[in-house]
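Chemist: Structure: query-v3.cif, mmCIF, C-alpha atoms.
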data_coords
#
loop_
_atom_site.label_atom_id
_atom_site.label_comp_id
_atom_site.auth_asym_id
_atom_site.auth_seq_id
_atom_site.Cartn_x
_atom_site.Cartn_y
_atom_site.Cartn_z
CA MET A 622 4.25 -0.38 5.48
CA THR A 623 6.16 0.60 8.57
CA THR A 624 7.47 -1.73 11.23
CA PRO A 625 6.69 -1.62 14.97
CA SER A 626 10.16 -0.35 15.82
CA GLU A 627 9.97 2.40 13.19
CA GLN A 628 6.58 3.56 14.43
CA SER A 629 7.62 3.60 18.09
CA ASP A 630 10.97 5.27 17.52
CA LYS A 631 9.98 7.84 14.95
CA THR A 632 6.25 8.47 15.11
CA GLY A 633 4.78 6.73 18.16
CA SER A 634 2.82 3.54 18.80
CA PHE A 635 -0.66 3.39 17.25
CA PRO A 636 -2.53 0.22 18.29
CA TYR A 637 -5.63 1.02 16.23
CA PHE A 638 -3.56 1.13 13.06
CA ASP A 639 -2.94 -2.63 13.36
CA TRP A 640 -6.65 -3.33 13.22
CA LEU A 641 -7.19 -0.68 10.57
CA ARG A 642 -4.66 -2.40 8.32
CA PHE A 643 -6.37 -5.73 8.83
CA VAL A 644 -9.80 -4.30 8.03
CA LEU A 645 -8.46 -2.60 4.90
CA ALA A 646 -6.72 -5.72 3.58
CA SER A 647 -9.88 -7.70 4.30
CA MET A 648 -11.95 -5.12 2.43
CA VAL A 649 -9.80 -5.62 -0.65
CA ALA A 650 -10.12 -9.40 -0.41
CA LEU A 651 -13.88 -9.33 0.22
CA ALA A 652 -14.43 -6.83 -2.59
CA HIS A 653 -12.51 -8.98 -5.08
CA GLU A 654 -14.46 -12.01 -3.88
CA GLN A 655 -17.66 -10.01 -4.54
CA ILE A 656 -18.88 -10.22 -0.95
CA ILE A 657 -18.80 -6.43 -0.63
CA GLY A 658 -21.03 -5.01 -3.33
CA TRP A 659 -19.76 -1.42 -3.39
CA GLU A 660 -17.72 -1.06 -6.58
CA ASN A 661 -15.18 1.28 -4.97
CA ALA A 662 -14.65 -0.76 -1.80
CA GLY A 663 -11.28 -2.20 -2.80
CA ASN A 664 -9.96 1.09 -4.14
CA PHE A 665 -11.12 3.00 -1.09
CA ALA A 666 -9.31 0.57 1.20
CA VAL A 667 -6.16 1.27 -0.80
CA GLN A 668 -6.74 5.02 -0.46
CA VAL A 669 -6.77 4.64 3.32
CA PHE A 670 -3.60 2.54 3.07
CA PHE A 671 -2.03 5.41 1.11
CA ALA A 672 -3.05 8.00 3.70
CA LEU A 673 -1.67 5.75 6.43
CA SER A 674 1.66 5.48 4.59
CA GLY A 675 1.79 9.23 4.15
CA TRP A 676 1.19 9.77 7.87
CA LEU A 677 3.70 7.15 9.08
CA ILE A 678 6.44 7.42 6.46
CA GLY A 679 6.11 11.18 6.42
CA GLY A 680 6.46 11.16 10.21
CA ILE A 681 9.58 9.01 9.98
CA LEU A 682 11.22 11.21 7.34
CA LEU A 683 10.41 14.41 9.21
CA ARG A 684 12.63 13.06 11.99
CA THR A 685 15.32 11.68 9.68
CA GLU A 686 18.55 13.48 8.87
CA LEU A 687 20.47 13.15 5.60
CA ARG A 688 22.88 10.63 7.11
CA GLY A 689 19.95 8.44 8.09
CA LEU A 690 18.62 7.97 4.57
CA PRO A 691 20.59 4.77 3.82
CA ARG A 692 18.84 3.14 6.78
CA PHE A 693 15.48 4.43 5.56
CA TYR A 694 15.98 2.94 2.09
CA TYR A 695 17.25 -0.30 3.61
CA ASN A 696 14.17 -0.60 5.83
CA ARG A 697 11.80 0.15 2.96
CA GLY A 698 13.58 -2.21 0.58
CA THR A 699 13.64 -5.16 2.94
CA ARG A 700 10.12 -4.62 4.24
CA ILE A 701 8.46 -4.20 0.87
CA TRP A 702 10.66 -5.93 -1.70
CA VAL A 703 11.15 -9.37 -0.18
CA PRO A 704 7.45 -10.23 0.38
CA TYR A 705 6.50 -8.46 -2.85
CA GLY A 706 9.15 -10.27 -4.89
CA ILE A 707 7.93 -13.64 -3.66
CA ALA A 708 4.31 -12.72 -4.42
CA VAL A 709 5.23 -11.59 -7.95
CA ALA A 710 7.19 -14.81 -8.49
CA ALA A 711 4.21 -16.89 -7.34
CA ILE A 712 1.81 -15.30 -9.83
CA TYR A 713 4.16 -15.30 -12.79
CA LEU A 714 5.47 -18.83 -12.20
CA LEU A 715 1.94 -20.20 -11.82
CA SER A 716 0.92 -18.36 -14.97
CA ALA A 717 3.88 -19.80 -16.90
CA LEU A 718 2.81 -23.30 -15.84
CA ARG A 719 -0.83 -22.80 -16.78
CA ASP A 720 -0.89 -20.53 -19.82
CA PRO A 721 1.28 -19.74 -22.87
CA VAL A 722 4.06 -17.26 -22.19
CA THR A 723 3.77 -14.31 -24.58
CA VAL A 724 5.64 -11.07 -25.05
CA HIS A 725 2.99 -9.39 -22.89
CA TYR A 726 3.96 -11.69 -20.02
CA PHE A 727 7.50 -10.27 -19.95
CA LYS A 728 6.25 -6.74 -20.47
CA PHE A 729 3.94 -6.92 -17.45
CA LEU A 730 6.64 -8.60 -15.38
CA PHE A 731 9.06 -5.81 -16.22
CA TYR A 732 6.62 -3.11 -15.13
CA ASP A 733 5.86 -4.95 -11.89
CA LEU A 734 9.56 -5.35 -11.07
CA THR A 735 10.38 -1.72 -11.85
CA PHE A 736 7.44 -0.36 -9.82
CA THR A 737 5.84 1.33 -12.82
CA HIS A 738 2.72 -0.86 -13.05
CA ASN A 739 0.35 2.05 -12.44
CA TRP A 740 1.89 4.13 -15.22
CA PHE A 741 2.08 1.60 -18.05
CA ILE A 742 -0.53 -1.11 -17.40
CA PRO A 743 -3.99 0.40 -17.97
CA LYS A 744 -6.71 -1.13 -15.82
CA VAL A 745 -9.07 -1.89 -18.69
CA PRO A 746 -10.56 -5.26 -19.70
CA ALA A 747 -8.51 -5.54 -22.91
CA VAL A 748 -5.28 -5.30 -20.94
CA ILE A 749 -6.40 -7.29 -17.89
CA ASP A 750 -7.26 -10.26 -20.12
CA LEU A 751 -3.65 -10.31 -21.36
CA MET A 752 -2.13 -10.23 -17.88
CA PRO A 753 -0.87 -13.39 -16.13
CA LEU A 754 -3.75 -15.44 -14.72
CA GLN A 755 -6.18 -13.01 -16.38
CA GLY A 756 -5.28 -10.04 -14.24
CA THR A 757 -4.67 -11.72 -10.91
CA GLY A 758 -1.88 -9.24 -10.17
CA THR A 759 -3.81 -6.08 -10.96
CA HIS A 760 -3.58 -5.03 -7.31
CA PHE A 761 0.20 -4.62 -7.70
CA TRP A 762 -0.47 -1.14 -9.08
CA SER A 763 -0.75 0.12 -5.51
CA ILE A 764 2.66 -1.31 -4.57
CA SER A 765 4.14 0.75 -7.41
CA VAL A 766 2.47 3.89 -6.07
CA GLU A 767 3.81 3.17 -2.59
CA GLU A 768 7.33 2.60 -3.90
CA GLN A 769 7.22 5.80 -5.94
CA PHE A 770 6.23 7.63 -2.77
CA TYR A 771 9.10 6.03 -0.83
CA LEU A 772 11.52 7.28 -3.47
CA ALA A 773 10.07 10.76 -3.88
CA ALA A 774 9.34 11.57 -0.24
CA PRO A 775 12.98 11.59 0.99
CA LEU A 776 13.92 13.98 -1.81
CA LEU A 777 11.05 16.30 -0.96
CA ILE A 778 11.17 16.14 2.83
CA VAL A 779 14.84 15.65 3.70
CA LEU A 780 16.69 17.29 0.83
CA LEU A 781 14.53 20.31 0.03
CA PRO A 782 15.06 23.27 2.40
CA PHE A 783 11.28 23.78 2.54
CA GLY A 784 10.39 20.08 2.60
CA ARG A 785 9.10 20.30 6.18
CA SER A 786 6.89 23.29 5.44
CA ILE A 787 3.14 23.08 5.97
CA LEU A 788 2.55 25.43 3.03
CA PHE A 789 4.63 23.28 0.70
CA TRP A 790 2.72 20.09 1.53
CA LEU A 791 -0.58 21.93 1.40
CA LEU A 792 0.25 22.92 -2.19
CA VAL A 793 1.41 19.37 -3.00
CA ALA A 794 -1.78 17.91 -1.56
CA LEU A 795 -3.98 20.40 -3.41
CA ALA A 796 -2.20 19.69 -6.71
CA ALA A 797 -2.39 15.92 -6.21
CA ASN A 798 -6.09 15.99 -5.36
CA ILE A 799 -7.18 18.54 -7.94
CA THR A 800 -5.51 16.53 -10.70
CA GLN A 801 -7.01 13.32 -9.22
CA SER A 802 -3.61 11.64 -9.26
CA TRP A 803 -2.62 8.44 -7.46
CA TYR A 804 -0.92 10.51 -4.76
CA GLY A 805 -3.82 12.49 -3.28
CA ALA A 806 -4.36 10.43 -0.13
CA ILE A 807 -0.63 9.94 0.46
CA SER A 808 0.10 13.66 0.21
CA LEU A 809 -2.74 14.44 2.63
CA GLY A 810 -1.25 11.93 5.04
CA VAL A 811 2.13 13.65 4.81
CA LEU A 812 0.50 17.05 5.27
CA ALA A 813 -1.14 15.81 8.46
CA ALA A 814 2.21 14.45 9.68
CA VAL A 815 3.92 17.78 8.99
CA VAL A 816 1.28 19.63 11.01
CA ARG A 817 1.68 17.11 13.82
CA CYS A 818 5.45 17.52 13.78
CA GLN A 819 5.04 21.26 14.38
CA TYR A 820 1.98 21.36 16.63
CA GLY A 821 1.85 17.96 18.31
CA ASP A 822 -1.17 15.64 18.33
CA TRP A 823 -3.54 18.35 17.14
CA GLN A 824 -5.87 15.75 15.66
CA LEU A 825 -6.61 14.36 19.14
CA THR A 826 -7.61 17.65 20.71
CA ARG A 827 -11.30 18.39 21.10
CA ALA A 828 -11.24 20.91 18.27
CA GLY A 829 -9.12 18.59 16.12
CA LEU A 830 -11.51 15.67 16.61
CA VAL A 831 -14.52 17.82 15.78
CA VAL A 832 -12.94 19.22 12.61
CA THR A 833 -11.67 15.83 11.48
CA ALA A 834 -14.98 14.08 12.16
CA ALA A 835 -16.84 16.85 10.33
CA ALA A 836 -14.50 16.55 7.34
CA ALA A 837 -15.04 12.80 7.31
CA ALA A 838 -18.82 13.19 7.48
CA VAL A 839 -18.91 15.77 4.70
CA SER A 840 -16.61 13.70 2.44
CA ALA A 841 -18.60 10.50 3.08
CA THR A 842 -21.93 12.26 2.42
CA ILE A 843 -20.71 13.75 -0.84
CA MET A 844 -19.30 10.39 -1.89
CA LEU A 845 -22.59 8.61 -1.19
CA LEU A 846 -24.83 11.24 -2.78
CA TYR A 847 -22.75 11.93 -5.89
CA SER A 848 -21.15 8.87 -7.45
CA ASP A 849 -19.03 10.99 -9.78
CA SER A 850 -17.36 12.65 -6.80
CA TYR A 851 -15.47 9.56 -5.63
CA ALA A 852 -12.07 10.49 -7.11
CA TRP A 853 -11.79 13.71 -5.12
CA SER A 854 -13.88 12.85 -2.04
CA ALA A 855 -12.11 9.56 -1.24
CA PRO A 856 -8.63 10.97 -0.35
CA PRO A 857 -9.84 13.43 2.35
CA LEU A 858 -12.12 10.78 3.83
CA ALA A 859 -9.21 8.32 3.86
CA ALA A 860 -6.96 10.85 5.59
CA ALA A 861 -9.68 11.62 8.15
CA ILE A 862 -10.05 7.93 8.99
CA VAL A 863 -6.32 7.68 9.66
CA LEU A 864 -6.40 10.75 11.91
CA LEU A 865 -9.43 9.50 13.86
CA THR A 866 -7.63 6.21 14.60
CA SER A 867 -4.26 7.77 15.45
CA TRP A 868 -4.57 7.32 19.22
CA GLN A 869 -1.34 6.19 20.83
CA GLY A 870 -0.97 3.34 23.29
CA LYS A 871 0.41 -0.12 23.79
CA ARG A 872 0.07 -2.51 20.88
CA GLY A 873 -1.31 -5.93 21.76
CA ALA A 874 0.10 -9.23 20.51
CA VAL A 875 -3.01 -10.07 18.48
CA GLY A 876 -3.09 -6.61 16.97
CA ARG A 877 0.58 -6.85 16.02
CA PHE A 878 -0.08 -10.15 14.27
CA VAL A 879 -3.16 -9.11 12.28
CA GLY A 880 -1.57 -5.76 11.45
CA GLY A 881 1.62 -7.43 10.29
CA MET A 882 -0.14 -10.06 8.22
CA SER A 883 -2.25 -7.44 6.45
CA TYR A 884 0.50 -6.91 3.86
CA PRO A 885 0.82 -10.59 2.85
CA LEU A 886 -2.98 -10.87 3.02
CA TYR A 887 -3.17 -8.04 0.51
CA LEU A 888 -0.48 -9.60 -1.69
CA TYR A 889 -1.94 -13.13 -1.62
CA HIS A 890 -5.68 -12.60 -1.29
CA TRP A 891 -6.08 -13.95 -4.83
CA THR A 892 -5.12 -17.44 -3.60
CA GLY A 893 -8.42 -17.63 -1.74
CA MET A 894 -10.61 -17.76 -4.82
CA PHE A 895 -8.20 -20.13 -6.57
CA GLY A 896 -8.35 -22.46 -3.57
CA ALA A 897 -12.11 -22.23 -3.11
CA THR A 898 -12.72 -22.87 -6.81
CA PHE A 899 -10.39 -25.90 -6.68
CA LEU A 900 -12.22 -27.34 -3.67
CA SER A 901 -15.62 -26.75 -5.23
CA LYS A 902 -15.11 -27.63 -8.89
CA ARG A 903 -12.15 -29.97 -8.92
CA LEU A 904 -12.78 -31.90 -5.70
CA GLY A 905 -16.56 -31.51 -5.75
CA LEU A 906 -16.78 -30.35 -2.14
CA TRP A 907 -19.90 -28.54 -1.00
CA LEU A 908 -19.07 -25.07 0.25
CA PRO A 909 -21.65 -22.96 2.13
CA SER A 910 -20.19 -19.83 0.53
CA LEU A 911 -17.56 -19.67 -2.18
CA GLY A 912 -16.63 -16.10 -1.32
CA TRP A 913 -16.28 -16.59 2.43
CA THR A 914 -14.36 -19.83 1.90
CA ALA A 915 -12.03 -17.90 -0.37
CA TYR A 916 -11.56 -15.26 2.31
CA CYS A 917 -10.75 -17.88 4.94
CA ILE A 918 -8.18 -19.47 2.64
CA ALA A 919 -6.68 -16.04 1.95
CA LEU A 920 -6.40 -15.43 5.70
CA ALA A 921 -4.60 -18.75 6.13
CA VAL A 922 -2.21 -18.08 3.25
CA GLY A 923 -1.55 -14.52 4.44
CA SER A 924 -0.86 -15.72 7.98
CA LEU A 925 1.48 -18.44 6.75
CA ALA A 926 3.35 -16.01 4.50
CA TYR A 927 3.67 -13.56 7.38
CA VAL A 928 5.18 -16.19 9.68
CA LEU A 929 7.49 -17.69 7.05
CA VAL A 930 8.63 -14.51 5.32
CA ASP A 931 7.71 -11.17 6.91
CA GLN A 932 8.48 -12.06 10.51
CA LYS A 933 11.83 -13.55 9.57
CA VAL A 934 12.75 -10.53 7.47
CA MET A 935 11.89 -8.20 10.33
CA ARG A 936 13.81 -10.33 12.82
CA LEU A 937 16.98 -10.43 10.72
CA ARG A 938 17.14 -7.07 9.03
CA SER A 939 18.52 -5.00 11.93
CA THR A 940 21.38 -7.43 12.49
CA LEU A 941 22.19 -7.52 8.79
CA TYR A 942 22.10 -3.77 8.25
CA ARG A 943 25.16 -2.01 6.90
CA PRO A 944 25.20 1.58 5.54
CA ALA A 945 26.62 0.22 2.27
CA ALA A 946 23.62 -2.10 1.96
CA GLY A 947 21.24 0.82 2.41
CA THR A 948 23.10 2.85 -0.22
CA ALA A 949 23.06 -0.11 -2.61
CA LEU A 950 19.33 -0.59 -2.17
CA MET A 951 18.78 3.13 -2.69
CA ILE A 952 20.71 3.10 -5.97
CA THR A 953 18.93 -0.08 -7.06
CA ALA A 954 15.50 1.38 -6.33
CA TYR A 955 16.04 4.57 -8.29
CA SER A 956 17.69 2.62 -11.13
CA LEU A 957 14.76 0.22 -11.40
CA LEU A 958 12.26 3.06 -11.48
CA ALA A 959 14.31 4.94 -14.09
CA ALA A 960 14.58 1.80 -16.24
CA GLY A 961 10.84 1.30 -16.03
CA VAL A 962 10.13 4.89 -17.04
CA VAL A 963 12.53 4.81 -19.99
CA ALA A 964 11.33 1.43 -21.24
CA GLY A 965 7.71 2.41 -20.71
CA ALA A 966 8.19 5.59 -22.73
CA ILE A 967 9.63 3.50 -25.56
CA LEU A 968 7.28 0.52 -25.40
CA GLY A 969 4.14 2.39 -24.49
CA LEU A 970 1.18 1.03 -22.52
CA GLY A 971 0.98 -2.65 -21.69
CA VAL A 972 -0.96 -3.87 -24.75
#
Here is a file; write its structure as structure tokens.

Modeler:
Amino acid sequence: MTTPSEQSDKTGSFPYFDWLRFVLASMVALAHEQIIGWENAGNFAVQVFFALSGWLIGGILLRTELRGLPRFYYNRGTRIWVPYGIAVAAIYLLSALRDPVTVHYFKFLFYDLTFTHNWFIPKVPAVIDLMPLQGTGTHFWSISVEEQFYLAAPLLIVLLPFGRSILFWLLVALAANITQSWYGAISLGVLAAVVRCQYGDWQLTRAGLVVTAAAAAVSATIMLLYSDSYAWSAPPLAAAIVLLTSWQGKRGAVGRFVGGMSYPLYLYHWTGMFGATFLSKRLGLWLPSLGWTAYCIALAVGSLAYVLVDQKVMRLRSTLYRPAAGTALMITAYSLLAAGVVAGAILGLGV
């Protein structure tokens, strides 16, 4: 996720993105609480998150020089790692208090901390049952994908001589979507940002809006009519949604809050069902709706986490920044990912 200052300085101010983030995080929570019946609702929300990251982070990197990379890694590390680390600690500590700690516990923890969850923890029932709190942290796979993008994108965009080429990112996006990888929506977001960098806000012109809306309609129709098409129809629809909401303007205070708390809401939405179940079964309270009560609790926890953690991190990080800190975080990030890959290759999948 990008910060308000990063968006304004590097890519522009997008007020609708705040509300889009909130809607997406809520979709994930409501899907997991079985209020939204569509089986792909949670995953599709994540696909839009990916496209949004590609658009914003790609836009930032397209305007970043080599000497600015330490600051980029510092911003990414502080913005993502601190809230994520606390969320991981909450799940694994609660699991250690409730259930026996097995070798799988440490294996899953290692993959979560090295941002390789999506590569080595298969999302199948046999593995989910072995995870802490019976798979409560399965949504961390998307954080790994985001972190992998943050580490790969600077190498591709800033260091490669053709990293700002439309043709290059068109080929990357085609490869990512044809192979149905985790990076389809993100690469489409970057492609859109590259085109914008060269031609301006093309997506907001009359022709751009017509083409984008048509692409969204076609992708959505195919997705609804052919269930097997989801893997390759979701990324272009996700990218189209980002483009259609990419109007610039002044961000309101409420929008800033709900957009900012979308990340902790996503990280902690699992607390809602735990809390609602406790109120209903342990305390015997009558709840009009278990799912909606869970969502309300998740909103409260996400808001509290945002105020106590995210806002403070964002307030302090600029004053604490040093180039050496950015370089150290950069080295740490690549080292963690490399350790996860090597260990994963040796240990195999998380079962």

Chemist: Translate the PyMOL selection byres ((chain A and resi 786-790) around 12), as applied to the file shown, into an explicit residue set as a ChimeraX atom specification.

Modeler: /A:675,679,683,774,777-779,781-785,791-798,805,807-820

Chemist: What's the 7 Å shell around stretch 751-765 of chain A, counting only C-alpha atoms, without same-chain residues fewer than 5 positions away, as a ChimeraX atom specification?

Modeler: /A:713,716,725-726,729,736-739,891

Chemist: Apply the PyMOL selection byres ((chain A and resi 653) around 12) to the displayed file and report the matching residues as number ranges by chain.

Modeler: A: 646-652, 654-664, 666, 756-760, 887, 889-894, 912-913, 915-916, 919

Chemist: Return the single residue from A:Ser854, A:Thr914, A:Ser867, A:Thr940 that is closest to A:Leu641, with distances computed using all atoms listed in the file.

Modeler: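 Smallest distance to A:Leu641 is found for A:Ser867.
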
Chemist: Have a look at A:Val669, A:Val934, A:Ala828, A:Leu904 and name the one nearest to A:Pro857; count only C-alpha atoms.

Modeler: A:Val669

Chemist: Could you name the residues that touch A:Ser924 at 8 Å or less, counting all atoms listed in the file, but leaving out those on the same chain fewer than 2 positions away, as a count of residues only?

Modeler: 9

Chemist: Env of stretch 959-968 of chain A: 6 Å cut, atoms = all atoms listed in the file, seq-sep filter 2 positions within chain, self excluded. Answer as a ChimeraX atom specification.

Modeler: /A:735,737,956-957

Chemist: Taking the file as shown, find all residues satisfying the PyMOL selection byres ((chain A and resi 690) around 10) and write them as a ChimeraX atom specification.

Modeler: /A:682,685-689,691-696,775-776,779,944,947-948,951

Chemist: Please, what distance in Å, to one decimal, runs between atom CA of A:Tyr955 and atom CA of A:Leu734?

Modeler: 12.2 Å

Chemist: Here is a test: counting all atoms listed in the file, which residue of A:Pro636, A:Ile918, A:Tyr851, A:Pro909 is nearest to A:Ala897?

Modeler: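 So, comparing all the options, the nearest one is A:Ile918.
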
Chemist: Grab the atom CA of A:Ala861 to atom CA of A:Arg642 distance for me, in Å with one decimal place.

Modeler: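 One can read the atom CA of A:Ala861 to atom CA of A:Arg642 distance as 14.9 Å.
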
Chemist: Given the choices A:Phe731, A:Phe671, A:Trp640, A:Arg697, which gets closest to A:Thr866 if the distance is worked out from all atoms listed in the file?

Modeler: A:Trp640

Chemist: With all atoms listed in the file as the basis for distance, which of A:Ala852, A:Ala836, A:Ala717, A:Ile742 is at the shortest distance from A:Thr800?

Modeler: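 The answer is A:Ala852, which sits nearest to A:Thr800.
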
Chemist: One number please: atom CA of A:Asp931 to atom CA of A:Tyr804, in Å, one decimal.

Modeler: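 Atom-to-atom, atom CA of A:Asp931 to atom CA of A:Tyr804, that is 26.1 Å.
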
Chemist: Taking only C-alpha atoms into account, which of A:Val839, A:Val667, A:Leu911, A:Val748 comes nearest A:Ser883?

Modeler: A:Val667
